[in-house]
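> The following block contains the structure, expressed as structure tokens.
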Amino acid sequence: MPISSNENPTIIPPSSWVVLHGERIPATGAVLDLACGSGRHARWLAARGYAVHAVDRDAAAIAALAGVPGVEARQLDLEGDAWPLTGRCYTGIVVTNYLWRPRLPDLLALLAPGGVLIYETFMCGNETYGKPSNPDFLLRPGELREIAAAAGLREVAFEEGYTDRPKPAMRQAVCAVRD
């Protein structure tokens with residue numbers, strides 16, 4: 001996929017899971033890129049016309065998103081006592097390479113009716129390939145599927161297991177919709 005003028009070619013490309021399901025997100029409303037890191041998904045989504053709210057605790061990562069058209073970037077503590085996104089509503093939520101179980105119910109409550117969740121991260125078995133290796137940050141088999149169902153979301157697609165791209169890892173991914 002060609003890089004648009006507001007995408008930095010030094011940034012790693014978006015996840016193939018996000019690309020595959022990103023067009024499912026309704027065109028209206030805002031999209032949350034949670035724990036956005038370098039902003040690869042925020043940039044990709046904004047280049048496609050979405051209004052993106054990119055959040056991360058890393059100040060340097062957030063600073064690198066300053067001035068990207070269509071991206072509102074904020075440094076937030078996503079694991080503190082107070083949930084910093086209370087009262088927000090999103091038509092899309094994208095999360096990759098991040099897991100903080102205590103806030104999953106709060107996160108999924110932010111998804112608007114008709115909104116799309118695209119979530120992909122590491123799962124048990126990843127310790128064989130590197131970090132993360134702490135079980136607190138690795139999904140159990142089928143866990144994303146269970147989390148989405150418990151939040152009342154309808155599963156559109158689910159995958160889990162070994163991947164060699166972008167590097168060898170054990171991953172799990174779900175795309176789900178709030179009907």
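Ordering of the structure tokens sets the chain letters (A, B, ...); residue numbers start at 1 within each chain; ligands are numbered from 1 in the order shown.
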Residues within 9 Å of Arg140 (chain A), please, as a count of residues only. Count only C-alpha atoms; anything in the same chain fewer than 4 positions from it doesn't count.

5

> If you count only C-alpha atoms, which residues fall within 7 Å of Phe122 (chain A), apart from same-chain ones fewer than 3 positions away, as a PyMOL selection string?

chain A and resi 97+126+138-139+170-172

> Can you list, as a PyMOL selection string, every residue of chain A that DSSP puts in helix (DSSP H, G or I)?

chain A and resi 16-22+40-47+59-64+101-108+126-128+135-137+143-150

> Find, counting only C-alpha atoms, the residue in A:Thr96, A:Thr91, A:Ser133, A:Thr128 that gets nearest to Ala27 (chain A).

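Smallest separation from Ala27 (chain A) among the options: A:Thr91.
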
> May I have the residues within 9 Å of Val116 (chain A) as number ranges by chain, using only C-alpha atoms and disregarding those fewer than 6 positions away in the same chain?

A: 21-22, 24-26, 90-94, 153, 175-178

> Name the residues in contact with Ser16 (chain A) at a cut-off of 12 Å, using only C-alpha atoms, excluding same-chain residues fewer than 5 positions from it; report them as JSON, numbers by chain.

{"A": [1, 21, 22, 40, 41, 44, 96, 118, 119, 120, 163, 165, 166, 173]}

> Store the residues picked out above, limited to C-alpha atoms, as an mmCIF file, in the first residue's frame.


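result-v1.cif, written as the output of this step:
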data_model
loop_
_atom_site.group_PDB
_atom_site.id
_atom_site.type_symbol
_atom_site.label_atom_id
_atom_site.label_comp_id
_atom_site.auth_asym_id
_atom_site.auth_seq_id
_atom_site.Cartn_x
_atom_site.Cartn_y
_atom_site.Cartn_z
ATOM 1 C CA MET A 1 0.000 0.000 0.000
ATOM 2 C CA HIS A 21 -10.634 -4.897 9.010
ATOM 3 C CA GLY A 22 -10.053 -1.130 9.205
ATOM 4 C CA ARG A 40 1.409 3.630 12.685
ATOM 5 C CA HIS A 41 -2.321 2.860 12.933
ATOM 6 C CA TRP A 44 -2.946 4.913 8.501
ATOM 7 C CA THR A 96 -2.306 -3.766 18.917
ATOM 8 C CA ILE A 118 -10.015 -4.311 16.099
ATOM 9 C CA TYR A 119 -7.739 -5.888 18.691
ATOM 10 C CA GLU A 120 -4.536 -7.851 18.133
ATOM 11 C CA THR A 163 2.714 -15.926 12.808
ATOM 12 C CA ARG A 165 5.140 -11.556 10.288
ATOM 13 C CA PRO A 166 6.336 -9.037 11.154
ATOM 14 C CA ALA A 173 -6.804 -11.072 17.062
#

> Do a neighbour search on Ala63 (chain A) at 12 Å with only C-alpha atoms, toss out local chain neighbours closer than 5 positions, and write the hits as a list in words.

Cys36, Gly37, Ser38, Gly39, Ala54, Val55, Asp56, Arg57, Asp58, Val68, Val71, Glu72, Ala73, Arg74 and Gln75 of chain A

> Using only C-alpha atoms, pick whichever of A:Glu127, A:Glu159, A:Glu146, A:Glu79 has the shortest atom-to-atom distance to Tyr98 (chain A).

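The answer is A:Glu79, which sits nearest to Tyr98 (chain A).
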
> Using DSSP assignments from the backbone, pull out every residue in chain A that falls under strand (DSSP E or B) and give it to me as an NGL selection string.

:A and (30-34 or 51-56 or 71-75 or 90-96 or 111-123 or 139 or 154-163 or 169-177)

> Store the residues picked out above, limited to C-alpha atoms, as a PDB file, in the first residue's frame.


ATOM      1  CA  ALA A  30     -13.840   9.179  16.062  1.00  0.00           C
ATOM      2  CA  VAL A  31     -11.495   6.205  16.198  1.00  0.00           C
ATOM      3  CA  LEU A  32      -9.385   5.446  19.265  1.00  0.00           C
ATOM      4  CA  ASP A  33      -5.859   4.110  18.735  1.00  0.00           C
ATOM      5  CA  LEU A  34      -5.136   2.894  22.269  1.00  0.00           C
ATOM      6  CA  ALA A  51     -10.702  11.386  12.923  1.00  0.00           C
ATOM      7  CA  VAL A  52      -8.269   9.596  15.234  1.00  0.00           C
ATOM      8  CA  HIS A  53      -7.686   9.974  18.957  1.00  0.00           C
ATOM      9  CA  ALA A  54      -4.230   8.464  19.572  1.00  0.00           C
ATOM     10  CA  VAL A  55      -3.226   7.887  23.184  1.00  0.00           C
ATOM     11  CA  ASP A  56      -0.090   6.491  24.795  1.00  0.00           C
ATOM     12  CA  VAL A  71      -4.872  12.867  14.604  1.00  0.00           C
ATOM     13  CA  GLU A  72      -5.471  14.208  18.097  1.00  0.00           C
ATOM     14  CA  ALA A  73      -2.596  12.777  20.141  1.00  0.00           C
ATOM     15  CA  ARG A  74      -2.560  12.788  23.944  1.00  0.00           C
ATOM     16  CA  GLN A  75      -0.210  11.420  26.530  1.00  0.00           C
ATOM     17  CA  TYR A  90     -15.772   5.911  19.530  1.00  0.00           C
ATOM     18  CA  THR A  91     -16.995   4.339  16.301  1.00  0.00           C
ATOM     19  CA  GLY A  92     -13.761   2.380  16.142  1.00  0.00           C
ATOM     20  CA  ILE A  93     -11.217   1.142  18.650  1.00  0.00           C
ATOM     21  CA  VAL A  94      -7.856  -0.195  17.501  1.00  0.00           C
ATOM     22  CA  VAL A  95      -5.452  -1.896  19.901  1.00  0.00           C
ATOM     23  CA  THR A  96      -2.306  -3.766  18.917  1.00  0.00           C
ATOM     24  CA  LEU A 111     -17.484   1.586  21.694  1.00  0.00           C
ATOM     25  CA  ALA A 112     -20.557   3.236  20.160  1.00  0.00           C
ATOM     26  CA  PRO A 113     -23.464   1.284  18.670  1.00  0.00           C
ATOM     27  CA  GLY A 114     -22.342   0.169  15.217  1.00  0.00           C
ATOM     28  CA  GLY A 115     -18.726   0.655  16.299  1.00  0.00           C
ATOM     29  CA  VAL A 116     -15.922  -1.750  15.425  1.00  0.00           C
ATOM     30  CA  LEU A 117     -13.270  -3.192  17.717  1.00  0.00           C
ATOM     31  CA  ILE A 118     -10.015  -4.311  16.099  1.00  0.00           C
ATOM     32  CA  TYR A 119      -7.739  -5.888  18.691  1.00  0.00           C
ATOM     33  CA  GLU A 120      -4.536  -7.851  18.133  1.00  0.00           C
ATOM     34  CA  THR A 121      -1.836  -8.766  20.619  1.00  0.00           C
ATOM     35  CA  PHE A 122       0.387 -11.520  21.930  1.00  0.00           C
ATOM     36  CA  MET A 123      -0.836 -14.772  23.432  1.00  0.00           C
ATOM     37  CA  LEU A 139      -3.755 -13.742  26.172  1.00  0.00           C
ATOM     38  CA  ARG A 154     -20.687  -9.633  17.669  1.00  0.00           C
ATOM     39  CA  GLU A 155     -17.575 -11.340  16.397  1.00  0.00           C
ATOM     40  CA  VAL A 156     -16.750 -10.694  12.735  1.00  0.00           C
ATOM     41  CA  ALA A 157     -13.373 -12.432  12.628  1.00  0.00           C
ATOM     42  CA  PHE A 158     -10.995 -14.176  15.015  1.00  0.00           C
ATOM     43  CA  GLU A 159      -7.509 -15.633  14.637  1.00  0.00           C
ATOM     44  CA  GLU A 160      -4.949 -17.054  16.993  1.00  0.00           C
ATOM     45  CA  GLY A 161      -1.689 -18.907  16.789  1.00  0.00           C
ATOM     46  CA  TYR A 162       1.746 -18.623  15.270  1.00  0.00           C
ATOM     47  CA  THR A 163       2.714 -15.926  12.808  1.00  0.00           C
ATOM     48  CA  ALA A 169       5.257 -14.630  17.532  1.00  0.00           C
ATOM     49  CA  MET A 170       2.122 -16.152  18.994  1.00  0.00           C
ATOM     50  CA  ARG A 171      -0.741 -13.737  18.398  1.00  0.00           C
ATOM     51  CA  GLN A 172      -4.475 -13.455  18.845  1.00  0.00           C
ATOM     52  CA  ALA A 173      -6.804 -11.072  17.062  1.00  0.00           C
ATOM     53  CA  VAL A 174     -10.480 -10.228  16.985  1.00  0.00           C
ATOM     54  CA  CYS A 175     -12.668  -7.914  14.957  1.00  0.00           C
ATOM     55  CA  ALA A 176     -16.066  -7.369  16.574  1.00  0.00           C
ATOM     56  CA  VAL A 177     -19.017  -5.004  16.218  1.00  0.00           C
TER      57      VAL A 177
END

> Mind pulling up the distance from CA of Pro132 (chain A) to CA of Pro168 (chain A)?

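So the two atoms, CA of Pro168 (chain A) and CA of Pro132 (chain A), lie 12.3 Å apart.
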